>>> print(open('upload-v7.cif').read())   # mmCIF, C-alpha atoms
data_protein
#
loop_
_atom_site.label_atom_id
_atom_site.label_comp_id
_atom_site.auth_asym_id
_atom_site.auth_seq_id
_atom_site.Cartn_x
_atom_site.Cartn_y
_atom_site.Cartn_z
CA MET A 1 49.72 10.53 110.55
CA GLY A 2 47.08 8.04 111.67
CA ARG A 3 44.99 10.79 113.28
CA LEU A 4 45.09 12.82 110.07
CA LEU A 5 44.01 9.89 107.89
CA SER A 6 41.25 9.00 110.36
CA ALA A 7 39.91 12.56 110.40
CA MET A 8 40.01 12.76 106.60
CA ALA A 9 38.24 9.41 106.24
CA SER A 10 35.47 10.51 108.60
CA GLY A 11 35.04 13.87 106.85
CA ASP A 12 36.04 15.82 109.98
CA GLN A 13 37.65 18.69 108.10
CA TRP A 14 38.19 20.91 111.14
CA THR A 15 40.18 18.30 113.05
CA ALA A 16 42.06 17.23 109.94
CA ILE A 17 43.27 20.71 109.09
CA GLN A 18 44.31 21.32 112.71
CA ILE A 19 46.44 18.14 112.56
CA TRP A 20 47.77 19.29 109.18
CA ALA A 21 48.88 22.52 110.86
CA VAL A 22 50.70 20.61 113.62
CA TYR A 23 52.65 18.63 111.01
CA ALA A 24 53.47 21.84 109.14
CA ILE A 25 55.04 23.32 112.29
CA ILE A 26 57.03 20.15 112.93
CA ARG A 27 58.17 20.09 109.30
CA GLN A 28 59.30 23.71 109.51
CA PHE A 29 61.68 22.92 112.36
CA LYS A 30 62.84 19.59 110.91
CA TRP A 31 63.60 21.05 107.50
CA ASN A 32 65.48 23.97 108.99
CA ARG A 33 67.24 22.57 112.01
CA ARG A 34 68.94 25.88 112.79
CA ALA A 35 65.58 27.67 112.98
CA ARG A 36 64.77 28.86 116.48
CA ALA A 37 61.28 30.20 115.82
CA THR A 38 58.34 29.93 113.43
CA VAL A 39 54.84 31.36 113.08
CA LEU A 40 51.42 29.74 113.23
CA HIS A 41 48.98 32.05 111.46
CA ALA A 42 45.35 30.96 111.79
CA ALA A 43 42.10 32.89 111.66
CA VAL A 44 40.30 33.84 114.83
CA ARG A 45 38.45 30.99 116.49
CA SER A 46 40.19 28.35 114.36
CA GLY A 47 41.72 26.35 117.20
CA LYS A 48 45.16 27.96 117.52
CA THR A 49 45.37 26.85 121.15
CA ARG A 50 44.58 23.24 120.25
CA ILE A 51 47.10 23.24 117.39
CA SER A 52 49.80 24.72 119.65
CA LEU A 53 49.16 22.22 122.45
CA ASP A 54 49.14 19.30 120.00
CA PHE A 55 52.49 20.48 118.67
CA ALA A 56 53.88 20.85 122.21
CA ASP A 57 52.73 17.34 123.10
CA ILE A 58 54.42 15.77 120.08
CA TRP A 59 57.53 17.92 119.78
CA ASN A 60 58.64 18.90 123.24
CA GLY A 61 59.00 15.55 125.00
CA ASN A 62 59.66 15.99 128.70
CA LYS A 63 61.13 19.48 128.47
CA LYS A 64 59.29 22.38 130.05
CA ILE A 65 57.02 24.80 128.23
CA LEU A 66 56.50 28.53 128.70
CA VAL A 67 53.27 30.06 127.36
CA VAL A 68 53.12 33.87 127.22
CA THR A 69 49.83 35.74 126.66
CA PRO A 70 48.67 39.37 126.90
CA SER A 71 46.12 38.94 129.71
CA ILE A 72 45.08 36.78 132.64
CA GLU A 73 41.84 35.88 130.83
CA ILE A 74 43.80 34.36 127.95
CA CYS A 75 46.13 32.61 130.42
CA THR A 76 43.08 31.04 132.03
CA GLN A 77 41.86 29.83 128.62
CA TRP A 78 45.22 28.15 127.98
CA GLU A 79 45.19 26.47 131.39
CA LYS A 80 41.64 25.19 130.86
CA ALA A 81 42.42 23.92 127.34
CA ALA A 82 45.60 22.13 128.45
CA ASN A 83 43.79 20.40 131.32
CA GLU A 84 40.81 19.39 129.18
CA LEU A 85 42.67 18.29 126.04
CA PHE A 86 45.67 16.70 127.77
CA PRO A 87 44.61 15.70 131.29
CA LYS A 88 47.62 14.99 133.51
CA ARG A 89 50.03 15.52 130.60
CA TRP A 90 51.67 18.51 132.30
CA THR A 91 51.67 20.06 135.72
CA ILE A 92 50.65 23.67 135.15
CA GLY A 93 51.64 26.84 137.00
CA MET A 94 50.25 30.31 136.43
CA LEU A 95 51.99 33.67 136.76
CA GLY A 96 49.60 36.62 136.91
CA GLY A 97 46.21 37.44 138.37
CA GLY A 98 47.51 36.99 141.91
CA ARG A 99 49.11 33.61 141.19
CA GLY A 100 52.87 33.05 141.36
CA GLU A 101 53.56 29.38 140.61
CA PHE A 102 57.07 28.49 139.46
CA GLY A 103 58.80 25.25 138.51
CA HIS A 104 55.94 23.42 136.79
CA GLU A 105 56.17 21.48 133.54
CA MET A 106 54.10 24.17 131.83
CA THR A 107 54.21 27.78 133.01
CA ILE A 108 51.51 30.13 131.65
CA ALA A 109 52.31 33.79 132.22
CA THR A 110 51.04 37.21 131.28
CA ILE A 111 53.53 39.39 129.42
CA ASP A 112 53.93 41.60 132.50
CA SER A 113 54.66 38.64 134.77
CA ALA A 114 56.97 36.97 132.26
CA THR A 115 58.92 40.21 131.88
CA ALA A 116 59.36 40.55 135.62
CA TYR A 117 60.28 36.91 136.28
CA ILE A 118 61.77 35.56 133.05
CA ASP A 119 65.12 34.70 134.65
CA THR A 120 63.42 33.00 137.60
CA ILE A 121 61.16 31.05 135.24
CA LEU A 122 64.02 29.77 133.10
CA ASN A 123 66.23 28.97 136.07
CA ALA A 124 63.54 26.56 137.32
CA GLY A 125 64.18 23.91 134.68
CA ASN A 126 65.02 22.77 131.16
CA TYR A 127 62.73 24.66 128.78
CA GLY A 128 62.36 23.33 125.24
CA LEU A 129 59.52 25.48 123.92
CA MET A 130 57.94 28.90 124.32
CA ILE A 131 54.53 29.64 122.83
CA PHE A 132 53.89 33.37 122.41
CA ASP A 133 50.18 34.00 121.87
CA GLU A 134 48.98 37.22 120.19
CA CYS A 135 52.59 37.41 119.08
CA HIS A 136 52.50 40.98 117.76
CA ARG A 137 53.01 41.78 121.45
CA SER A 138 56.45 40.19 121.22
CA LEU A 139 57.59 43.28 119.33
CA SER A 140 57.02 45.54 122.32
CA PRO A 141 60.09 46.24 124.49
CA SER A 142 58.88 43.86 127.21
CA GLY A 143 57.88 41.17 124.70
CA ALA A 144 61.24 41.39 122.93
CA THR A 145 63.01 41.02 126.29
CA ILE A 146 61.11 37.80 126.97
CA VAL A 147 61.93 36.31 123.54
CA ASP A 148 65.58 37.40 123.56
CA THR A 149 66.11 36.04 127.06
CA PHE A 150 64.46 32.71 126.22
CA LEU A 151 66.54 32.27 123.06
CA GLY A 152 69.70 33.35 124.86
CA LYS A 153 69.33 31.12 127.92
CA THR A 154 67.85 27.97 126.35
CA ASP A 155 68.24 25.91 123.20
CA GLY A 156 64.46 25.72 122.88
CA LYS A 157 62.16 26.74 120.03
CA VAL A 158 59.62 29.55 119.89
CA LEU A 159 56.17 29.20 118.34
CA PHE A 160 54.63 32.59 117.55
CA VAL A 161 50.83 32.41 117.32
CA THR A 162 48.63 35.02 115.65
CA ALA A 163 45.36 35.57 113.81
CA THR A 164 46.40 38.91 112.33
CA MET A 165 49.54 38.34 110.32
CA GLY A 166 48.96 41.20 107.87
CA ARG A 167 49.28 43.87 110.52
CA SER A 168 48.80 47.46 109.46
CA ASP A 169 51.52 48.73 111.80
CA GLY A 170 54.27 47.18 109.65
CA GLN A 171 55.97 45.31 112.49
CA VAL A 172 57.85 42.15 111.59
CA LEU A 173 58.85 38.94 113.35
CA SER A 174 61.70 38.08 111.00
CA ARG A 175 64.32 39.17 113.55
CA TRP A 176 63.65 35.77 115.18
CA SER A 177 61.42 33.70 112.91
CA SER A 178 62.36 31.39 110.04
CA GLY A 179 59.01 32.16 108.43
CA VAL A 180 55.38 31.11 108.60
CA ALA A 181 54.86 27.39 109.08
CA ILE A 182 51.27 27.51 107.84
CA SER A 183 48.51 30.04 107.22
CA LEU A 184 44.87 29.12 107.74
CA ASP A 185 42.86 32.10 106.58
CA HIS A 186 39.30 33.00 107.45
CA GLN A 187 37.81 31.76 104.17
CA THR A 188 39.38 28.33 104.71
CA MET A 189 37.83 28.24 108.17
CA VAL A 190 34.43 29.15 106.73
CA ARG A 191 34.61 26.42 104.09
CA MET A 192 35.33 23.74 106.66
CA GLY A 193 32.56 24.96 108.97
CA ALA A 194 34.83 26.22 111.74
CA ASN A 195 33.90 29.87 111.21
CA VAL A 196 30.91 31.74 109.83
CA GLU A 197 30.82 34.95 107.82
CA ALA A 198 29.70 38.10 109.57
CA GLU A 199 26.69 39.93 108.14
CA THR A 200 27.73 43.58 108.25
CA HIS A 201 25.20 46.28 109.04
CA PHE A 202 25.98 49.98 109.36
CA SER A 203 24.55 52.63 111.62
CA GLN A 204 25.29 56.29 110.97
CA SER A 205 24.50 56.99 114.62
CA ASP A 206 26.32 55.83 117.74
CA ASP A 207 23.29 56.60 119.92
CA PRO A 208 22.40 53.39 121.84
CA ALA A 209 18.70 54.01 121.30
CA VAL A 210 19.14 54.17 117.51
CA VAL A 211 21.48 51.19 117.35
CA TYR A 212 19.21 49.17 119.64
CA ASP A 213 16.42 49.31 117.04
CA LYS A 214 18.82 48.03 114.36
CA TRP A 215 20.13 45.36 116.74
CA TRP A 216 16.64 44.10 117.45
CA ASP A 217 15.82 44.14 113.75
CA VAL A 218 18.89 42.19 112.52
CA ALA A 219 20.08 40.29 115.60
CA HIS A 220 16.79 39.57 117.39
CA GLY A 221 18.32 39.39 120.86
CA MET A 222 21.52 37.49 120.00
CA PRO A 223 24.23 37.41 122.72
CA THR A 224 26.17 40.58 121.98
CA LEU A 225 29.52 42.19 122.75
CA VAL A 226 29.73 45.99 122.48
CA PHE A 227 33.12 47.66 122.04
CA THR A 228 33.30 51.26 123.20
CA LYS A 229 36.03 53.85 123.51
CA THR A 230 35.52 54.76 127.18
CA LYS A 231 34.08 53.30 130.37
CA ARG A 232 31.44 56.03 130.38
CA ASP A 233 30.29 54.99 126.91
CA ALA A 234 30.13 51.32 127.94
CA GLU A 235 28.00 52.22 130.95
CA ARG A 236 25.68 54.27 128.74
CA TRP A 237 25.15 51.36 126.35
CA ALA A 238 24.53 48.86 129.14
CA ARG A 239 22.03 51.18 130.82
CA TYR A 240 19.95 51.41 127.66
CA TRP A 241 19.87 47.65 127.10
CA ASN A 242 18.80 47.14 130.72
CA LYS A 243 16.13 49.81 130.27
CA MET A 244 14.79 47.85 127.29
CA GLY A 245 14.55 44.68 129.37
CA HIS A 246 17.73 42.88 128.32
CA LYS A 247 20.23 41.99 131.03
CA ALA A 248 23.45 43.91 130.31
CA GLU A 249 26.74 44.41 132.15
CA THR A 250 30.01 46.25 131.69
CA ILE A 251 33.55 44.95 132.02
CA PHE A 252 36.72 47.01 132.47
CA GLY A 253 40.39 46.49 133.15
CA GLU A 254 39.92 48.03 136.59
CA HIS A 255 37.83 45.04 137.68
CA SER A 256 39.84 42.43 139.56
CA PRO A 257 40.63 39.22 137.64
CA ALA A 258 38.14 37.34 139.80
CA GLU A 259 35.38 39.88 139.14
CA ARG A 260 36.09 39.89 135.40
CA GLN A 261 35.80 36.11 135.43
CA ARG A 262 32.42 36.26 137.21
CA ILE A 263 31.14 38.81 134.67
CA LEU A 264 32.32 36.65 131.76
CA ASP A 265 30.77 33.53 133.31
CA ARG A 266 27.38 35.26 133.57
CA TYR A 267 27.62 36.21 129.89
CA ARG A 268 28.77 32.75 128.82
CA ASN A 269 25.91 30.98 130.61
CA GLY A 270 23.27 33.30 129.16
CA GLU A 271 22.40 35.20 132.31
CA THR A 272 23.69 38.36 130.59
CA ILE A 273 22.64 39.04 127.00
CA MET A 274 24.85 42.06 126.32
CA LEU A 275 28.34 42.86 127.57
CA ALA A 276 29.80 46.31 126.97
CA ASN A 277 33.53 46.74 127.39
CA ALA A 278 36.29 49.27 126.95
CA GLY A 279 39.69 47.74 126.21
CA VAL A 280 39.26 44.32 127.84
CA LEU A 281 37.97 41.82 125.27
CA THR A 282 39.66 43.26 122.20
CA GLU A 283 41.71 40.13 121.39
CA GLY A 284 42.13 36.52 122.30
CA VAL A 285 39.24 36.03 124.75
CA ASP A 286 37.02 33.25 123.39
CA ILE A 287 33.31 33.47 124.21
CA ASN A 288 31.54 30.99 121.97
CA THR A 289 28.08 32.26 122.86
CA THR A 290 28.69 35.60 121.10
CA GLN A 291 26.75 35.98 117.85
CA CYS A 292 26.68 39.75 117.47
CA VAL A 293 29.37 42.38 117.83
CA ILE A 294 28.62 46.11 117.94
CA LEU A 295 31.50 48.47 117.23
CA ALA A 296 30.28 51.65 118.87
CA GLU A 297 33.40 53.27 117.45
CA ARG A 298 34.98 51.73 114.36
CA PRO A 299 38.74 51.14 114.73
CA ALA A 300 40.92 53.12 112.34
CA THR A 301 42.59 50.00 110.87
CA ASP A 302 41.60 46.47 109.92
CA THR A 303 43.59 44.50 112.48
CA PRO A 304 41.79 45.62 115.68
CA GLU A 305 38.48 45.48 113.83
CA TYR A 306 39.03 41.87 112.80
CA GLN A 307 39.99 40.97 116.37
CA ARG A 308 36.77 42.50 117.68
CA VAL A 309 34.45 41.08 115.04
CA GLY A 310 36.22 37.76 115.44
CA ARG A 311 34.60 37.29 118.84
CA ALA A 312 31.42 36.31 116.94
CA LEU A 313 32.84 34.30 114.06
CA GLY A 314 33.56 30.93 115.67
CA SER A 315 30.87 28.38 114.90
CA ASN A 316 31.52 26.44 118.12
CA GLY A 317 31.78 23.08 116.42
CA GLY A 318 29.08 23.79 113.85
CA ILE A 319 26.40 24.95 116.30
CA LYS A 320 26.50 28.58 115.21
CA ASP A 321 25.24 29.32 111.71
CA ARG A 322 24.97 33.10 111.79
CA ALA A 323 26.98 36.09 113.03
CA VAL A 324 26.20 39.80 112.86
CA ALA A 325 28.46 42.85 113.03
CA ILE A 326 26.92 46.28 113.53
CA ILE A 327 29.37 49.07 112.79
CA CYS A 328 28.75 52.65 113.89
CA GLY A 329 30.22 55.52 111.89
CA HIS A 330 31.78 55.63 108.43
CA ASP A 331 31.74 52.43 106.39
CA ARG A 332 35.16 52.85 104.65
CA GLY A 333 33.46 51.36 101.60
CA LYS A 334 33.44 47.79 102.89
CA GLY A 335 32.12 45.41 105.46
CA ALA A 336 33.90 43.97 108.45
CA ALA A 337 37.65 43.52 107.94
CA ILE A 338 39.10 40.10 107.25
CA THR A 339 42.90 40.32 107.20
CA MET A 340 45.01 38.41 104.72
CA PRO A 341 48.09 36.33 105.56
CA GLY A 342 51.66 37.41 104.87
CA TYR A 343 53.90 40.02 106.42
CA GLN A 344 56.81 42.20 105.38
CA GLY A 345 60.06 40.34 105.93
CA ASP A 346 58.56 36.86 105.62
CA THR A 347 61.75 34.89 104.85
CA ASN A 348 59.94 31.66 104.03
CA MET A 349 56.98 32.88 101.98
CA GLU A 350 57.36 30.38 99.16
CA LEU A 351 57.32 27.39 101.50
CA ARG A 352 54.28 28.80 103.25
CA ASN A 353 52.53 29.37 99.93
CA ARG A 354 53.22 25.79 98.82
CA SER A 355 51.84 24.49 102.12
CA GLY A 356 48.80 26.69 101.71
CA LYS A 357 48.16 25.49 98.14
CA LEU A 358 48.33 21.86 99.23
CA GLY A 359 45.98 22.57 102.11
CA ARG A 360 43.51 24.39 99.86
CA ALA A 361 43.63 21.61 97.26
CA TRP A 362 42.94 19.00 99.91
CA ASN A 363 40.14 21.11 101.43
CA THR A 364 38.55 21.60 97.99
CA LEU A 365 38.52 17.84 97.47
CA MET A 366 37.05 17.21 100.93
CA CYS A 367 34.32 19.82 100.33
CA ALA A 368 33.45 18.24 96.97
CA ILE A 369 33.20 14.77 98.51
CA LYS A 370 31.10 16.09 101.39
CA GLU A 371 28.71 17.94 99.06
CA SER A 372 28.28 14.88 96.82
CA VAL A 373 27.17 12.63 99.66
#
>>> encode(input="upload-v7.cif", output="structure tokens")
Amino acid sequence: MGRLLSAMASGDQWTAIQIWAVYAIIRQFKWNRRARATVLHAAVRSGKTRISLDFADIWNGNKKILVVTPSIEICTQWEKAANELFPKRWTIGMLGGGRGEFGHEMTIATIDSATAYIDTILNAGNYGLMIFDECHRSLSPSGATIVDTFLGKTDGKVLFVTATMGRSDGQVLSRWSSGVAISLDHQTMVRMGANVEAETHFSQSDDPAVVYDKWWDVAHGMPTLVFTKTKRDAERWARYWNKMGHKAETIFGEHSPAERQRILDRYRNGETIMLANAGVLTEGVDINTTQCVILAERPATDTPEYQRVGRALGSNGGIKDRAVAIICGHDRGKGAAITMPGYQGDTNMELRNRSGKLGRAWNTLMCAIKESV
């Protein structure tokens, strides 16, 4: 509680609301001692990893932790965050991307690796917590196997983590979860300065030459991610940017994990200004330098669109004050999608709503105090 009061007193809204979220997760399990799982819903780039690790540090004691993510890139982000935020708190092993490290205090695994080795992982020690990032993946056959095995072989808790609770595919987590511990929506993140709104611009054409002119007009050379349907399309977009004198690269799933990391590093450090991809960076990969997202093909539903546009929304601690989304094709009568919290089968909606109202009331007060100074 001291950290929360200190953050509130200093006006650090971002940190304060992250600590608030940690307490909400703890409260969810303490109030419902039979609950085995709960959900952390927080907008893209709002610090879900930090909130989850803070919770693990406070709640889990000396028991082991399993973190499950969709890709090796996201696994690497978790490993880096754990080492930076909690140095020497846990020994960390990775499963995936050519690494096979068992028996550590924290095991971070891709879904594929966790599916293949879940029994071996759990046999290596006393696990008290599993964190399932991008938790809509838990509803796949392999994801469900991981969750069911963890709940069946341990007495530990499961924290489901997601930015896109209101999924258009209608899948539900209520088969395991006691409900949503807390929801931090995009507008809350914007008000506290953690996220920025995306300026939406439309292009009727998906021709790189046409979109380039709009990009230069509205984005003025901002670091940009381009999402395409195919590898050939990504290569076409990158070629045109290079032709116009802007360093551009492509990134695909066929690249080795090491090569993907090198490509991402060049983009993060500014050596590359545009990165075109097909199916690699669609969710969970944080690249704070991104300020513009081009959807060369607009997704059919809001959830994948929000995940893609979300790569540009994080303000990186207040440094970023502008984000741009350029959408090719039909406009569906609205700008970039921002999903709302809540999901079918939410068995603890009223508690979540009360928590959300308290959080919004506190945030409104903090904003008023900040604006009056």
>>> resolve_selection(input="upload-v7.cif", expression="the PyMOL selection byres ((chain A and resi 48) around 12)", output="PDB file with C-alpha atoms, in the frame of the given file")
ATOM      1  CA  TRP A  14      38.190  20.910 111.140  1.00  0.00           C
ATOM      2  CA  THR A  15      40.180  18.300 113.050  1.00  0.00           C
ATOM      3  CA  ILE A  17      43.270  20.710 109.090  1.00  0.00           C
ATOM      4  CA  GLN A  18      44.310  21.320 112.710  1.00  0.00           C
ATOM      5  CA  ILE A  19      46.440  18.140 112.560  1.00  0.00           C
ATOM      6  CA  ALA A  21      48.880  22.520 110.860  1.00  0.00           C
ATOM      7  CA  VAL A  22      50.700  20.610 113.620  1.00  0.00           C
ATOM      8  CA  VAL A  39      54.840  31.360 113.080  1.00  0.00           C
ATOM      9  CA  LEU A  40      51.420  29.740 113.230  1.00  0.00           C
ATOM     10  CA  HIS A  41      48.980  32.050 111.460  1.00  0.00           C
ATOM     11  CA  ALA A  42      45.350  30.960 111.790  1.00  0.00           C
ATOM     12  CA  ALA A  43      42.100  32.890 111.660  1.00  0.00           C
ATOM     13  CA  VAL A  44      40.300  33.840 114.830  1.00  0.00           C
ATOM     14  CA  ARG A  45      38.450  30.990 116.490  1.00  0.00           C
ATOM     15  CA  SER A  46      40.190  28.350 114.360  1.00  0.00           C
ATOM     16  CA  GLY A  47      41.720  26.350 117.200  1.00  0.00           C
ATOM     17  CA  THR A  49      45.370  26.850 121.150  1.00  0.00           C
ATOM     18  CA  ARG A  50      44.580  23.240 120.250  1.00  0.00           C
ATOM     19  CA  ILE A  51      47.100  23.240 117.390  1.00  0.00           C
ATOM     20  CA  SER A  52      49.800  24.720 119.650  1.00  0.00           C
ATOM     21  CA  LEU A  53      49.160  22.220 122.450  1.00  0.00           C
ATOM     22  CA  ASP A  54      49.140  19.300 120.000  1.00  0.00           C
ATOM     23  CA  PHE A  55      52.490  20.480 118.670  1.00  0.00           C
ATOM     24  CA  GLN A  77      41.860  29.830 128.620  1.00  0.00           C
ATOM     25  CA  TRP A  78      45.220  28.150 127.980  1.00  0.00           C
ATOM     26  CA  ALA A  81      42.420  23.920 127.340  1.00  0.00           C
ATOM     27  CA  ILE A 131      54.530  29.640 122.830  1.00  0.00           C
ATOM     28  CA  PHE A 132      53.890  33.370 122.410  1.00  0.00           C
ATOM     29  CA  ASP A 133      50.180  34.000 121.870  1.00  0.00           C
ATOM     30  CA  GLU A 134      48.980  37.220 120.190  1.00  0.00           C
ATOM     31  CA  LEU A 159      56.170  29.200 118.340  1.00  0.00           C
ATOM     32  CA  PHE A 160      54.630  32.590 117.550  1.00  0.00           C
ATOM     33  CA  VAL A 161      50.830  32.410 117.320  1.00  0.00           C
ATOM     34  CA  THR A 162      48.630  35.020 115.650  1.00  0.00           C
ATOM     35  CA  ALA A 163      45.360  35.570 113.810  1.00  0.00           C
ATOM     36  CA  ILE A 182      51.270  27.510 107.840  1.00  0.00           C
ATOM     37  CA  SER A 183      48.510  30.040 107.220  1.00  0.00           C
ATOM     38  CA  LEU A 184      44.870  29.120 107.740  1.00  0.00           C
ATOM     39  CA  ASP A 185      42.860  32.100 106.580  1.00  0.00           C
ATOM     40  CA  MET A 189      37.830  28.240 108.170  1.00  0.00           C
ATOM     41  CA  ALA A 194      34.830  26.220 111.740  1.00  0.00           C
ATOM     42  CA  GLY A 284      42.130  36.520 122.300  1.00  0.00           C
ATOM     43  CA  ASP A 286      37.020  33.250 123.390  1.00  0.00           C
TER      44      ASP A 286
END
>>> atom_distance(input="upload-v7.cif", atom1="CA of His186 in chain A", atom2="CA of Ile26 in chain A")
22.6 Å
>>> closest_residue(input="upload-v7.cif", among="A:Thr224, A:Arg137, A:Ala114, A:Met244", to="Phe150 in chain A", atoms="all atoms listed in the file")
A:Ala114
>>> residues_around(input="upload-v7.cif", residues="Leu313 in chain A", least_positions_apart="6", cutoff="12 Å", atoms="only C-alpha atoms", output="ChimeraX atom specification")
/A:43-46,186-187,189-190,193-199,286-293,306-307,319-325,336,338
>>> write_last_selection(input="upload-v7.cif", atoms="C-alpha atoms", output="PDB file, in the frame of the given file")
ATOM      1  CA  ALA A  43      42.100  32.890 111.660  1.00  0.00           C
ATOM      2  CA  VAL A  44      40.300  33.840 114.830  1.00  0.00           C
ATOM      3  CA  ARG A  45      38.450  30.990 116.490  1.00  0.00           C
ATOM      4  CA  SER A  46      40.190  28.350 114.360  1.00  0.00           C
ATOM      5  CA  HIS A 186      39.300  33.000 107.450  1.00  0.00           C
ATOM      6  CA  GLN A 187      37.810  31.760 104.170  1.00  0.00           C
ATOM      7  CA  MET A 189      37.830  28.240 108.170  1.00  0.00           C
ATOM      8  CA  VAL A 190      34.430  29.150 106.730  1.00  0.00           C
ATOM      9  CA  GLY A 193      32.560  24.960 108.970  1.00  0.00           C
ATOM     10  CA  ALA A 194      34.830  26.220 111.740  1.00  0.00           C
ATOM     11  CA  ASN A 195      33.900  29.870 111.210  1.00  0.00           C
ATOM     12  CA  VAL A 196      30.910  31.740 109.830  1.00  0.00           C
ATOM     13  CA  GLU A 197      30.820  34.950 107.820  1.00  0.00           C
ATOM     14  CA  ALA A 198      29.700  38.100 109.570  1.00  0.00           C
ATOM     15  CA  GLU A 199      26.690  39.930 108.140  1.00  0.00           C
ATOM     16  CA  ASP A 286      37.020  33.250 123.390  1.00  0.00           C
ATOM     17  CA  ILE A 287      33.310  33.470 124.210  1.00  0.00           C
ATOM     18  CA  ASN A 288      31.540  30.990 121.970  1.00  0.00           C
ATOM     19  CA  THR A 289      28.080  32.260 122.860  1.00  0.00           C
ATOM     20  CA  THR A 290      28.690  35.600 121.100  1.00  0.00           C
ATOM     21  CA  GLN A 291      26.750  35.980 117.850  1.00  0.00           C
ATOM     22  CA  CYS A 292      26.680  39.750 117.470  1.00  0.00           C
ATOM     23  CA  VAL A 293      29.370  42.380 117.830  1.00  0.00           C
ATOM     24  CA  TYR A 306      39.030  41.870 112.800  1.00  0.00           C
ATOM     25  CA  GLN A 307      39.990  40.970 116.370  1.00  0.00           C
ATOM     26  CA  ILE A 319      26.400  24.950 116.300  1.00  0.00           C
ATOM     27  CA  LYS A 320      26.500  28.580 115.210  1.00  0.00           C
ATOM     28  CA  ASP A 321      25.240  29.320 111.710  1.00  0.00           C
ATOM     29  CA  ARG A 322      24.970  33.100 111.790  1.00  0.00           C
ATOM     30  CA  ALA A 323      26.980  36.090 113.030  1.00  0.00           C
ATOM     31  CA  VAL A 324      26.200  39.800 112.860  1.00  0.00           C
ATOM     32  CA  ALA A 325      28.460  42.850 113.030  1.00  0.00           C
ATOM     33  CA  ALA A 336      33.900  43.970 108.450  1.00  0.00           C
ATOM     34  CA  ILE A 338      39.100  40.100 107.250  1.00  0.00           C
TER      35      ILE A 338
END
>>> resolve_selection(input="upload-v7.cif", expression="the PyMOL selection byres ((chain A and resi 252-265) around 7)", output="number ranges by chain")
A: 97, 250-251, 266-269, 277-280
>>> atom_distance(input="upload-v7.cif", atom1="CA of Val218 in chain A", atom2="CA of Ile294 in chain A")
11.8 Å
>>> atom_distance(input="upload-v7.cif", atom1="CA of Glu235 in chain A", atom2="CA of Thr164 in chain A")
29.4 Å
>>> residues_near_point(input="upload-v7.cif", point="(59.8, 29.6, 117.1)", cutoff="10 Å", atoms="all atoms listed in the file", output="list of chain:residue names")
A:Ile25, A:Gln28, A:Phe29, A:Ala35, A:Arg36, A:Ala37, A:Thr38, A:Val39, A:Leu40, A:Leu129, A:Met130, A:Ile131, A:Phe132, A:Val147, A:Leu151, A:Gly156, A:Lys157, A:Val158, A:Leu159, A:Phe160, A:Val161, A:Trp176, A:Ser177, A:Ser178, A:Gly179, A:Val180, A:Ala181
>>> closest_residue(input="upload-v7.cif", among="A:Lys229, A:His201, A:His136, A:Lys30", to="Cys328 in chain A", atoms="only C-alpha atoms")
A:His201
>>> closest_residue(input="upload-v7.cif", among="A:Lys231, A:Trp241, A:Arg89, A:Thr115", to="Val210 in chain A", atoms="only C-alpha atoms")
A:Trp241
>>> residues_around(input="upload-v7.cif", residues="Lys88 in chain A", least_positions_apart="5", cutoff="12 Å", atoms="all atoms listed in the file", output="MDAnalysis selection string")
chainID A and resid 57 79 82:83 105:106
>>> axis_aligned_box(input="upload-v7.cif", around="range 74-79 of chain A", padding_each_side="5 Å", output="lines of an AutoDock Vina configuration file")
center_x = 44.0
center_y = 30.4
center_z = 130.0
size_x = 14.3
size_y = 17.9
size_z = 14.1
>>> residues_around(input="upload-v7.cif", residues="Thr149 in chain A", least_positions_apart="5", cutoff="9 Å", atoms="only C-alpha atoms", output="PyMOL selection string")
chain A and resi 118-119+122+144+154
>>> closest_residue(input="upload-v7.cif", among="A:Val226, A:Ala296, A:Val67, A:Ala56", to="Arg311 in chain A", atoms="only C-alpha atoms")
A:Val226
>>> closest_residue(input="upload-v7.cif", among="A:Arg191, A:Pro70, A:Ile327, A:Arg236", to="Lys214 in chain A", atoms="all atoms listed in the file")
A:Ile327
